[in-house]
file my_file_7.cif (mmCIF, C-alpha atoms)
data_model
#
loop_
_atom_site.group_PDB
_atom_site.id
_atom_site.type_symbol
_atom_site.label_atom_id
_atom_site.label_comp_id
_atom_site.auth_asym_id
_atom_site.auth_seq_id
_atom_site.Cartn_x
_atom_site.Cartn_y
_atom_site.Cartn_z
ATOM 1 C CA MET A 30 118.352 93.690 250.774
ATOM 2 C CA THR A 31 121.667 93.471 248.918
ATOM 3 C CA SER A 32 123.649 90.509 250.250
ATOM 4 C CA CYS A 33 121.701 89.324 253.287
ATOM 5 C CA SER A 34 118.290 87.760 253.578
ATOM 6 C CA LEU A 35 116.238 87.812 256.771
ATOM 7 C CA LEU A 36 114.832 84.394 257.623
ATOM 8 C CA ILE A 37 114.956 84.945 261.385
ATOM 9 C CA PHE A 38 112.028 83.833 263.521
ATOM 10 C CA ILE A 39 109.908 86.760 264.657
ATOM 11 C CA LEU A 40 109.820 87.379 268.387
ATOM 12 C CA THR A 41 107.151 89.449 270.058
ATOM 13 C CA TYR A 42 107.586 91.504 273.207
ATOM 14 C CA PRO A 43 104.545 92.588 275.222
ATOM 15 C CA GLU A 44 105.863 96.151 275.435
ATOM 16 C CA LEU A 45 108.622 98.028 273.694
ATOM 17 C CA MET A 46 111.785 98.055 275.764
ATOM 18 C CA THR A 47 113.388 101.346 276.766
ATOM 19 C CA PHE A 48 117.042 101.838 277.629
ATOM 20 C CA GLU A 49 117.805 105.103 279.381
ATOM 21 C CA LEU A 50 121.118 106.820 280.049
ATOM 22 C CA ARG A 51 120.666 108.985 283.132
ATOM 23 C CA ASN A 52 123.420 111.486 284.039
ATOM 24 C CA LEU A 53 125.941 108.891 282.856
ATOM 25 C CA SER A 54 129.670 109.525 283.166
ATOM 26 C CA ILE A 55 132.084 107.193 281.369
ATOM 27 C CA GLY A 56 135.829 106.700 281.517
ATOM 28 C CA TYR A 57 138.452 104.834 283.519
ATOM 29 C CA ARG A 58 139.518 104.470 287.117
ATOM 30 C CA GLU A 59 143.264 104.577 287.625
ATOM 31 C CA GLY A 60 143.916 103.841 291.278
ATOM 32 C CA HIS A 61 142.197 106.576 293.262
ATOM 33 C CA HIS A 62 141.902 108.799 290.201
ATOM 34 C CA GLN A 63 139.359 108.909 287.409
ATOM 35 C CA LYS A 64 139.893 109.674 283.753
ATOM 36 C CA VAL A 65 136.542 111.036 282.565
ATOM 37 C CA ILE A 66 135.898 110.568 278.849
ATOM 38 C CA ALA A 67 132.377 112.025 278.810
ATOM 39 C CA SER A 68 129.930 113.074 281.497
ATOM 40 C CA ASN A 69 126.294 113.968 282.090
ATOM 41 C CA LEU A 70 125.049 111.826 279.199
ATOM 42 C CA ASN A 71 121.256 111.664 279.029
ATOM 43 C CA ALA A 72 119.300 109.863 276.323
ATOM 44 C CA THR A 73 116.646 107.205 275.802
ATOM 45 C CA MET A 74 116.473 104.370 273.261
ATOM 46 C CA GLU A 75 113.192 102.671 272.400
ATOM 47 C CA GLY A 76 112.348 99.290 270.927
ATOM 48 C CA GLY A 77 111.822 99.079 267.191
ATOM 49 C CA THR A 78 114.636 101.479 266.318
ATOM 50 C CA LEU A 79 118.105 101.329 264.781
ATOM 51 C CA ILE A 80 120.354 104.034 266.246
ATOM 52 C CA CYS A 81 123.755 104.923 264.815
ATOM 53 C CA LEU A 82 126.364 106.606 267.000
ATOM 54 C CA VAL A 83 128.856 108.793 265.123
ATOM 55 C CA GLY A 84 131.803 110.965 266.127
ATOM 56 C CA ARG A 85 135.483 111.449 265.468
ATOM 57 C CA ASN A 86 138.200 108.990 266.478
ATOM 58 C CA GLY A 87 139.080 108.947 270.157
ATOM 59 C CA ILE A 88 135.972 110.803 271.304
ATOM 60 C CA GLY A 89 134.782 107.861 273.421
ATOM 61 C CA LYS A 90 132.329 105.867 271.294
ATOM 62 C CA SER A 91 133.933 102.515 272.142
ATOM 63 C CA THR A 92 134.085 103.452 275.823
ATOM 64 C CA LEU A 93 130.378 104.274 275.738
ATOM 65 C CA LEU A 94 129.549 100.943 274.055
ATOM 66 C CA ARG A 95 131.586 98.980 276.593
ATOM 67 C CA THR A 96 129.905 100.849 279.449
ATOM 68 C CA LEU A 97 126.399 100.298 278.085
ATOM 69 C CA SER A 98 127.146 96.596 277.683
ATOM 70 C CA GLY A 99 128.305 96.272 281.296
ATOM 71 C CA PHE A 100 131.866 95.319 280.319
ATOM 72 C CA GLN A 101 133.186 98.529 281.855
ATOM 73 C CA PRO A 102 131.738 100.203 284.971
ATOM 74 C CA ALA A 103 130.256 103.672 284.719
ATOM 75 C CA LEU A 104 131.988 106.388 286.701
ATOM 76 C CA ASP A 105 128.692 107.966 287.701
ATOM 77 C CA GLY A 106 124.995 107.997 286.815
ATOM 78 C CA ASP A 107 122.932 105.012 285.796
ATOM 79 C CA MET A 108 121.573 102.964 282.900
ATOM 80 C CA LEU A 109 117.966 101.814 283.137
ATOM 81 C CA LEU A 110 116.308 98.949 281.286
ATOM 82 C CA ASP A 111 112.562 99.511 281.411
ATOM 83 C CA GLY A 112 113.101 101.764 284.416
ATOM 84 C CA GLN A 113 115.291 99.319 286.336
ATOM 85 C CA SER A 114 119.023 99.852 286.836
ATOM 86 C CA ILE A 115 121.140 97.270 285.028
ATOM 87 C CA LEU A 116 123.024 96.896 288.318
ATOM 88 C CA ALA A 117 119.936 95.068 289.599
ATOM 89 C CA TYR A 118 120.127 92.461 286.836
ATOM 90 C CA THR A 119 121.892 89.142 287.330
ATOM 91 C CA LYS A 120 124.499 88.111 284.759
ATOM 92 C CA ARG A 121 122.061 85.601 283.303
ATOM 93 C CA GLU A 122 119.297 88.192 283.056
ATOM 94 C CA LEU A 123 121.653 90.574 281.280
ATOM 95 C CA SER A 124 122.750 87.847 278.849
ATOM 96 C CA GLU A 125 119.096 87.272 277.972
ATOM 97 C CA THR A 126 118.545 91.009 277.475
ATOM 98 C CA ILE A 127 121.714 92.470 275.922
ATOM 99 C CA SER A 128 123.916 91.001 273.200
ATOM 100 C CA VAL A 129 127.143 92.703 272.221
ATOM 101 C CA VAL A 130 129.444 92.777 269.185
ATOM 102 C CA LEU A 131 132.756 94.490 269.967
ATOM 103 C CA THR A 132 135.727 94.978 267.665
ATOM 104 C CA GLU A 133 138.252 93.185 269.880
ATOM 105 C CA ARG A 134 139.358 89.770 268.655
ATOM 106 C CA THR A 135 138.539 86.882 270.989
ATOM 107 C CA ASP A 136 140.316 83.535 271.313
ATOM 108 C CA ILE A 137 138.036 81.451 269.099
ATOM 109 C CA GLU A 138 140.476 80.397 266.382
ATOM 110 C CA ASN A 139 139.920 76.639 266.854
ATOM 111 C CA LEU A 140 136.127 76.855 266.670
ATOM 112 C CA THR A 141 133.941 76.649 263.590
ATOM 113 C CA VAL A 142 131.444 79.265 262.464
ATOM 114 C CA ALA A 143 128.562 77.124 263.757
ATOM 115 C CA ASP A 144 130.348 76.666 267.105
ATOM 116 C CA VAL A 145 130.758 80.405 267.590
ATOM 117 C CA VAL A 146 127.204 81.283 266.595
ATOM 118 C CA GLY A 147 126.004 78.478 268.860
ATOM 119 C CA MET A 148 127.650 80.286 271.787
ATOM 120 C CA GLY A 149 124.875 82.844 271.419
ATOM 121 C CA ARG A 150 122.487 80.201 272.772
ATOM 122 C CA MET A 151 124.389 79.781 276.060
ATOM 123 C CA PRO A 152 121.863 81.773 278.156
ATOM 124 C CA TYR A 153 119.222 79.198 277.223
ATOM 125 C CA THR A 154 121.125 75.898 277.364
ATOM 126 C CA ASN A 155 121.980 73.532 280.207
ATOM 127 C CA PHE A 156 125.214 73.518 282.216
ATOM 128 C CA TRP A 157 127.037 71.655 279.436
ATOM 129 C CA GLY A 158 125.879 74.041 276.732
ATOM 130 C CA THR A 159 124.041 71.302 274.843
ATOM 131 C CA LEU A 160 122.081 72.677 271.892
ATOM 132 C CA ARG A 161 118.547 71.374 271.484
ATOM 133 C CA LYS A 162 116.828 71.005 268.134
ATOM 134 C CA GLU A 163 115.308 74.464 268.500
ATOM 135 C CA ASP A 164 118.693 75.999 269.375
ATOM 136 C CA LYS A 165 120.261 74.447 266.278
ATOM 137 C CA ARG A 166 117.492 75.909 264.139
ATOM 138 C CA VAL A 167 118.093 79.349 265.634
ATOM 139 C CA VAL A 168 121.827 79.038 264.921
ATOM 140 C CA ARG A 169 121.219 77.853 261.362
ATOM 141 C CA GLU A 170 118.880 80.752 260.595
ATOM 142 C CA ALA A 171 121.193 83.323 262.176
ATOM 143 C CA ILE A 172 124.070 82.113 260.003
ATOM 144 C CA GLU A 173 121.852 82.221 256.922
ATOM 145 C CA ALA A 174 120.718 85.753 257.775
ATOM 146 C CA VAL A 175 124.265 87.107 257.450
ATOM 147 C CA GLY A 176 124.997 85.119 254.298
ATOM 148 C CA MET A 177 127.477 82.674 255.862
ATOM 149 C CA THR A 178 125.717 79.322 255.385
ATOM 150 C CA ALA A 179 128.455 78.001 253.093
ATOM 151 C CA PHE A 180 130.994 78.709 255.864
ATOM 152 C CA SER A 181 129.186 76.940 258.716
ATOM 153 C CA SER A 182 131.807 74.222 259.125
ATOM 154 C CA ARG A 183 134.814 76.430 258.433
ATOM 155 C CA ALA A 184 137.262 77.257 261.232
ATOM 156 C CA MET A 185 137.297 80.864 262.388
ATOM 157 C CA SER A 186 141.057 80.950 261.766
ATOM 158 C CA ARG A 187 140.370 80.600 258.032
ATOM 159 C CA LEU A 188 138.029 83.577 257.773
ATOM 160 C CA SER A 189 138.758 87.110 256.670
ATOM 161 C CA ASP A 190 138.134 90.028 259.040
ATOM 162 C CA GLY A 191 134.870 90.806 257.246
ATOM 163 C CA GLU A 192 133.686 87.205 257.449
ATOM 164 C CA ARG A 193 134.543 87.054 261.153
ATOM 165 C CA GLN A 194 132.518 90.205 261.720
ATOM 166 C CA LYS A 195 129.461 88.647 260.075
ATOM 167 C CA VAL A 196 129.838 85.581 262.310
ATOM 168 C CA MET A 197 129.899 87.718 265.452
ATOM 169 C CA ILE A 198 126.755 89.530 264.288
ATOM 170 C CA ALA A 199 125.104 86.148 263.686
ATOM 171 C CA LYS A 200 126.052 85.140 267.241
ATOM 172 C CA ALA A 201 124.313 88.262 268.573
ATOM 173 C CA ILE A 202 121.225 87.499 266.474
ATOM 174 C CA ALA A 203 121.149 83.911 267.777
ATOM 175 C CA GLN A 204 121.205 85.224 271.343
ATOM 176 C CA GLN A 205 117.661 86.573 270.763
ATOM 177 C CA THR A 206 117.945 89.622 272.988
ATOM 178 C CA PRO A 207 115.723 92.714 272.724
ATOM 179 C CA LEU A 208 118.827 94.960 272.868
ATOM 180 C CA ILE A 209 121.867 94.577 270.583
ATOM 181 C CA LEU A 210 124.952 96.794 270.951
ATOM 182 C CA LEU A 211 127.553 96.825 268.173
ATOM 183 C CA ASP A 212 130.889 98.639 267.975
ATOM 184 C CA GLU A 213 131.848 99.365 264.342
ATOM 185 C CA PRO A 214 130.102 96.246 262.941
ATOM 186 C CA THR A 215 130.846 97.244 259.321
ATOM 187 C CA ALA A 216 134.493 98.229 259.833
ATOM 188 C CA PHE A 217 135.999 95.404 257.743
ATOM 189 C CA LEU A 218 133.258 95.004 255.128
ATOM 190 C CA ASP A 219 133.075 96.186 251.533
ATOM 191 C CA TYR A 220 130.374 98.712 250.697
ATOM 192 C CA PRO A 221 127.677 96.251 249.494
ATOM 193 C CA SER A 222 128.229 94.140 252.618
ATOM 194 C CA LYS A 223 128.118 97.233 254.866
ATOM 195 C CA THR A 224 124.756 98.185 253.411
ATOM 196 C CA GLY A 225 123.455 94.624 253.590
ATOM 197 C CA ILE A 226 124.392 94.174 257.243
ATOM 198 C CA VAL A 227 122.863 97.491 258.321
ATOM 199 C CA GLU A 228 119.716 96.710 256.319
ATOM 200 C CA LEU A 229 119.538 93.373 258.140
ATOM 201 C CA LEU A 230 119.897 95.102 261.512
ATOM 202 C CA LEU A 231 117.259 97.666 260.539
ATOM 203 C CA GLU A 232 114.825 94.897 259.612
ATOM 204 C CA LEU A 233 115.518 93.108 262.887
ATOM 205 C CA ALA A 234 114.824 96.309 264.798
ATOM 206 C CA HIS A 235 111.555 96.981 263.011
ATOM 207 C CA LYS A 236 110.141 93.455 262.771
ATOM 208 C CA GLN A 237 111.253 92.174 266.156
ATOM 209 C CA LYS A 238 110.922 95.547 267.940
ATOM 210 C CA LYS A 239 114.512 95.390 269.137
ATOM 211 C CA ILE A 240 116.753 98.266 270.130
ATOM 212 C CA ILE A 241 119.840 98.094 267.913
ATOM 213 C CA PHE A 242 122.550 100.606 268.789
ATOM 214 C CA LEU A 243 125.760 100.706 266.771
ATOM 215 C CA SER A 244 128.759 102.968 266.367
ATOM 216 C CA THR A 245 129.960 103.658 262.853
ATOM 217 C CA HIS A 246 132.180 105.799 260.652
ATOM 218 C CA ASP A 247 130.008 105.056 257.616
ATOM 219 C CA LEU A 248 128.104 108.323 257.574
ATOM 220 C CA ASP A 249 126.401 107.634 254.252
ATOM 221 C CA VAL A 250 125.023 104.275 255.451
ATOM 222 C CA ALA A 251 123.947 105.812 258.761
ATOM 223 C CA TYR A 252 122.220 108.750 257.058
ATOM 224 C CA ARG A 253 120.308 106.514 254.631
ATOM 225 C CA LEU A 254 119.273 103.707 256.961
ATOM 226 C CA ALA A 255 119.270 104.707 260.639
ATOM 227 C CA ASP A 256 116.056 105.640 262.403
ATOM 228 C CA SER A 257 118.076 107.989 264.592
ATOM 229 C CA ILE A 258 121.654 109.286 264.579
ATOM 230 C CA TRP A 259 123.425 110.261 267.774
ATOM 231 C CA LEU A 260 126.529 112.445 267.725
ATOM 232 C CA MET A 261 129.214 112.205 270.379
ATOM 233 C CA ASP A 262 131.592 115.156 270.590
ATOM 234 C CA GLU A 263 133.423 117.323 273.109
ATOM 235 C CA LYS A 264 130.101 118.778 274.272
ATOM 236 C CA GLY A 265 128.623 115.381 275.083
ATOM 237 C CA LEU A 266 125.845 113.489 273.328
ATOM 238 C CA SER A 267 123.380 114.926 270.797
ATOM 239 C CA VAL A 268 120.428 112.696 269.920
ATOM 240 C CA SER A 269 118.820 114.751 267.141
ATOM 241 C CA VAL A 270 121.557 115.077 264.537
ATOM 242 C CA THR A 271 120.932 117.056 261.355
ATOM 243 C CA SER A 272 122.424 116.387 257.921
ATOM 244 C CA GLU A 273 124.402 119.629 258.306
ATOM 245 C CA GLN A 274 126.038 118.304 261.472
ATOM 246 C CA LEU A 275 126.955 115.082 259.670
ATOM 247 C CA LEU A 276 128.529 116.987 256.790
ATOM 248 C CA ALA A 277 130.483 119.083 259.268
ATOM 249 C CA LEU A 278 132.119 115.988 260.757
ATOM 250 C CA ASN A 279 134.278 115.613 257.635
ATOM 251 C CA PHE A 280 136.325 112.664 258.815
ATOM 252 C CA ARG A 281 137.561 109.685 256.835
ATOM 253 C CA PRO A 282 136.417 106.154 257.695
ATOM 254 C CA ALA A 283 138.952 104.530 259.995
ATOM 255 C CA THR A 284 139.222 102.013 262.792
ATOM 256 C CA GLU A 285 138.648 103.880 266.032
ATOM 257 C CA SER A 286 141.209 103.935 268.769
ATOM 258 C CA LYS A 287 139.859 102.228 271.865
ATOM 259 C CA THR A 288 138.846 105.233 273.958
#

call {"tool": "encode", "arguments": {"input": "my_file_7.cif", "output": "structure tokens"}}
result
Amino acid sequence: MTSCSLLIFILTYPELMTFELRNLSIGYREGHHQKVIASNLNATMEGGTLICLVGRNGIGKSTLLRTLSGFQPALDGDMLLDGQSILAYTKRELSETISVVLTERTDIENLTVADVVGMGRMPYTNFWGTLRKEDKRVVREAIEAVGMTAFSSRAMSRLSDGERQKVMIAKAIAQQTPLILLDEPTAFLDYPSKTGIVELLLELAHKQKKIIFLSTHDLDVAYRLADSIWLMDEKGLSVSVTSEQLLALNFRPATESKT
């Protein structure tokens, strides 16, 4: 790996998780009306794979990520974790199953790096959020995995956008979920850091048999490292993308508008 080293504990799952999109429609409800962004989406993710979602700005990649994470309700269809609708999961069960890294800034300016990564342990702590010795080890190793050990005590307000992004990825790693969803996780990173982070995520997927699903504009990184590339366009979702289709995209890297 280039800038990140993987020292994360290895988890084992009795069976590989599957996450299925079944006739899924995504978009927004505006009063009694619906604004459909994409419909009839069908696909299946399996444990042990890193999947990159690509597509032009405004096509709906962020909307899809927010819907898959449960932050935004689907307009129609369903999402199944190991054959069970995520609607049947409690909030706690979902927090132990899905971790999410979105591009929106959250109000964490007064917290340190270690504080924020420690929030990834909340599904496993007591009511007061007290970290046990094991939790602190998990946090320490997650921070080390993204190359931020020297910043552990630094306030989030003093970090660059790229450094903040690494911290949020470390938080997702510390959450120890079999499914990680990330929206443009390399958007603010330089090229070596982009490659290092995606290599880290790929190693997590393979060694810990996780499903890691991320949206990206970095076509070169996706083409070289992803196990599978999904394309979202006006026709819907394609899950077997060829190199010719990638070349045909011909868009410049940019921060996606939130649709």

call {"tool": "residues_around", "arguments": {"input": "my_file_7.cif", "residues": "Ala103 of chain A", "least_positions_apart": "4", "cutoff": "8 Å", "atoms": "all atoms listed in the file", "output": "ChimeraX atom specification"}}
result
/A:53-56,96,107

call {"tool": "resolve_selection", "arguments": {"input": "my_file_7.cif", "expression": "the PyMOL selection byres ((chain A and resi 175-187) around 12)", "output": "PyMOL selection string"}}
result
chain A and resi 30-37+134-147+165+168-174+188-203+222-230+233

call {"tool": "axis_aligned_box", "arguments": {"input": "my_file_7.cif", "around": "segment 163-172 of chain A", "padding_each_side": "8 Å", "output": "JSON"}}
result
{"center_x": 119.7, "center_y": 78.9, "center_z": 264.7, "size_x": 24.8, "size_y": 24.9, "size_z": 25.4}

call {"tool": "atom_distance", "arguments": {"input": "my_file_7.cif", "atom1": "atom CA of Gln205 of chain A", "atom2": "atom CA of Gly89 of chain A"}}
result
27.4 Å

call {"tool": "closest_residue", "arguments": {"input": "my_file_7.cif", "among": "A:Arg121, A:Leu94, A:Met148, A:Ile115", "to": "Cys81 of chain A", "atoms": "only C-alpha atoms"}}
result
A:Leu94

call {"tool": "closest_residue", "arguments": {"input": "my_file_7.cif", "among": "A:Leu278, A:Met108, A:Val130, A:Leu160", "to": "Met261 of chain A", "atoms": "all atoms listed in the file"}}
result
A:Leu278

call {"tool": "atom_distance", "arguments": {"input": "my_file_7.cif", "atom1": "atom CA of Asp164 of chain A", "atom2": "atom CA of Thr126 of chain A"}}
result
17.1 Å

call {"tool": "atom_distance", "arguments": {"input": "my_file_7.cif", "atom1": "atom CA of Ile209 of chain A", "atom2": "atom CA of Pro102 of chain A"}}
result
18.3 Å

call {"tool": "residues_near_point", "arguments": {"input": "my_file_7.cif", "point": "(128.6, 106.3, 262.6)", "cutoff": "6 Å", "atoms": "only C-alpha atoms", "output": "mmCIF file with C-alpha atoms, in the coordinates of the input"}}
result
data_model
loop_
_atom_site.group_PDB
_atom_site.id
_atom_site.type_symbol
_atom_site.label_atom_id
_atom_site.label_comp_id
_atom_site.auth_asym_id
_atom_site.auth_seq_id
_atom_site.Cartn_x
_atom_site.Cartn_y
_atom_site.Cartn_z
ATOM 1 C CA CYS A 81 123.755 104.923 264.815
ATOM 2 C CA LEU A 82 126.364 106.606 267.000
ATOM 3 C CA VAL A 83 128.856 108.793 265.123
ATOM 4 C CA SER A 244 128.759 102.968 266.367
ATOM 5 C CA THR A 245 129.960 103.658 262.853
ATOM 6 C CA HIS A 246 132.180 105.799 260.652
ATOM 7 C CA ASP A 247 130.008 105.056 257.616
ATOM 8 C CA LEU A 248 128.104 108.323 257.574
#

call {"tool": "resolve_selection", "arguments": {"input": "my_file_7.cif", "expression": "the PyMOL selection byres ((chain A and resi 263-277) around 8)", "output": "PyMOL selection string"}}
result
chain A and resi 67-72+88+248+252+257-262+278-279

call {"tool": "closest_residue", "arguments": {"input": "my_file_7.cif", "among": "A:Val250, A:Ala255, A:Leu93, A:Leu131", "to": "Ala234 of chain A", "atoms": "only C-alpha atoms"}}
result
A:Ala255

call {"tool": "closest_residue", "arguments": {"input": "my_file_7.cif", "among": "A:Ala251, A:Asp111, A:Ser91, A:Pro207", "to": "Lys236 of chain A", "atoms": "all atoms listed in the file"}}
result
A:Pro207

call {"tool": "resolve_selection", "arguments": {"input": "my_file_7.cif", "expression": "the PyMOL selection byres ((chain A and resi 128) around 7)", "output": "list in words"}}
result
Ser124, Thr126, Ile127, Val129, Ala201, Gln204, Thr206, Leu208, Ile209 and Leu210 of chain A

call {"tool": "build_atoms", "arguments": {"input": "my_file_7.cif", "residues": "segment 48-76 of chain A", "atoms": "N, CA and C atoms", "output": "mmCIF file, keeping the file's coordinate frame"}}
result
data_model
loop_
_atom_site.group_PDB
_atom_site.id
_atom_site.type_symbol
_atom_site.label_atom_id
_atom_site.label_comp_id
_atom_site.auth_asym_id
_atom_site.auth_seq_id
_atom_site.Cartn_x
_atom_site.Cartn_y
_atom_site.Cartn_z
ATOM 1 N N PHE A 48 115.715 101.866 277.008
ATOM 2 C CA PHE A 48 117.042 101.838 277.629
ATOM 3 C C PHE A 48 117.460 103.285 277.822
ATOM 4 N N GLU A 49 117.589 103.691 279.067
ATOM 5 C CA GLU A 49 117.805 105.103 279.381
ATOM 6 C C GLU A 49 119.191 105.332 279.974
ATOM 7 N N LEU A 50 119.875 106.335 279.460
ATOM 8 C CA LEU A 50 121.118 106.820 280.049
ATOM 9 C C LEU A 50 120.751 108.010 280.927
ATOM 10 N N ARG A 51 121.073 107.929 282.212
ATOM 11 C CA ARG A 51 120.666 108.985 283.132
ATOM 12 C C ARG A 51 121.899 109.556 283.834
ATOM 13 N N ASN A 52 122.265 110.789 283.446
ATOM 14 C CA ASN A 52 123.420 111.486 284.039
ATOM 15 C C ASN A 52 124.661 110.598 284.047
ATOM 16 N N LEU A 53 124.880 109.891 282.943
ATOM 17 C CA LEU A 53 125.941 108.891 282.856
ATOM 18 C C LEU A 53 127.302 109.546 282.615
ATOM 19 N N SER A 54 128.281 109.124 283.385
ATOM 20 C CA SER A 54 129.670 109.525 283.166
ATOM 21 C C SER A 54 130.474 108.275 282.841
ATOM 22 N N ILE A 55 131.302 108.354 281.802
ATOM 23 C CA ILE A 55 132.084 107.193 281.369
ATOM 24 C C ILE A 55 133.565 107.537 281.367
ATOM 25 N N GLY A 56 134.389 106.505 281.515
ATOM 26 C CA GLY A 56 135.829 106.700 281.517
ATOM 27 C C GLY A 56 136.505 105.568 282.254
ATOM 28 N N TYR A 57 137.638 105.872 282.893
ATOM 29 C CA TYR A 57 138.452 104.834 283.519
ATOM 30 C C TYR A 57 138.854 105.247 284.927
ATOM 31 N N ARG A 58 138.969 104.251 285.787
ATOM 32 C CA ARG A 58 139.518 104.470 287.117
ATOM 33 C C ARG A 58 140.962 104.007 287.120
ATOM 34 N N GLU A 59 141.846 104.897 287.539
ATOM 35 C CA GLU A 59 143.264 104.577 287.625
ATOM 36 C C GLU A 59 143.704 104.794 289.062
ATOM 37 N N GLY A 60 143.653 103.714 289.850
ATOM 38 C CA GLY A 60 143.916 103.841 291.278
ATOM 39 C C GLY A 60 142.813 104.644 291.934
ATOM 40 N N HIS A 61 143.183 105.724 292.613
ATOM 41 C CA HIS A 61 142.197 106.576 293.262
ATOM 42 C C HIS A 61 141.737 107.706 292.345
ATOM 43 N N HIS A 62 142.227 107.723 291.124
ATOM 44 C CA HIS A 62 141.902 108.799 290.201
ATOM 45 C C HIS A 62 140.972 108.294 289.095
ATOM 46 N N GLN A 63 140.257 109.225 288.516
ATOM 47 C CA GLN A 63 139.359 108.909 287.409
ATOM 48 C C GLN A 63 139.763 109.684 286.170
ATOM 49 N N LYS A 64 139.714 109.003 285.035
ATOM 50 C CA LYS A 64 139.893 109.674 283.753
ATOM 51 C C LYS A 64 138.523 109.726 283.087
ATOM 52 N N VAL A 65 137.891 110.892 283.117
ATOM 53 C CA VAL A 65 136.542 111.036 282.565
ATOM 54 C C VAL A 65 136.623 111.274 281.068
ATOM 55 N N ILE A 66 135.955 110.419 280.301
ATOM 56 C CA ILE A 66 135.898 110.568 278.849
ATOM 57 C C ILE A 66 134.714 111.441 278.452
ATOM 58 N N ALA A 67 133.575 111.218 279.070
ATOM 59 C CA ALA A 67 132.377 112.025 278.810
ATOM 60 C C ALA A 67 131.494 111.963 280.048
ATOM 61 N N SER A 68 130.746 113.032 280.300
ATOM 62 C CA SER A 68 129.930 113.074 281.497
ATOM 63 C C SER A 68 128.560 113.664 281.211
ATOM 64 N N ASN A 69 127.653 113.434 282.161
ATOM 65 C CA ASN A 69 126.294 113.968 282.090
ATOM 66 C C ASN A 69 125.600 113.601 280.782
ATOM 67 N N LEU A 70 125.693 112.315 280.423
ATOM 68 C CA LEU A 70 125.049 111.826 279.199
ATOM 69 C C LEU A 70 123.618 111.409 279.528
ATOM 70 N N ASN A 71 122.668 111.979 278.816
ATOM 71 C CA ASN A 71 121.256 111.664 279.029
ATOM 72 C C ASN A 71 120.596 111.386 277.682
ATOM 73 N N ALA A 72 119.973 110.228 277.566
ATOM 74 C CA ALA A 72 119.300 109.863 276.323
ATOM 75 C C ALA A 72 118.445 108.631 276.579
ATOM 76 N N THR A 73 117.504 108.380 275.685
ATOM 77 C CA THR A 73 116.646 107.205 275.802
ATOM 78 C C THR A 73 116.524 106.520 274.452
ATOM 79 N N MET A 74 116.696 105.194 274.445
ATOM 80 C CA MET A 74 116.473 104.370 273.261
ATOM 81 C C MET A 74 115.150 103.638 273.443
ATOM 82 N N GLU A 75 114.462 103.391 272.336
ATOM 83 C CA GLU A 75 113.192 102.671 272.400
ATOM 84 C C GLU A 75 113.197 101.507 271.421
ATOM 85 N N GLY A 76 112.457 100.459 271.775
ATOM 86 C CA GLY A 76 112.348 99.290 270.927
ATOM 87 C C GLY A 76 111.822 99.637 269.546
#
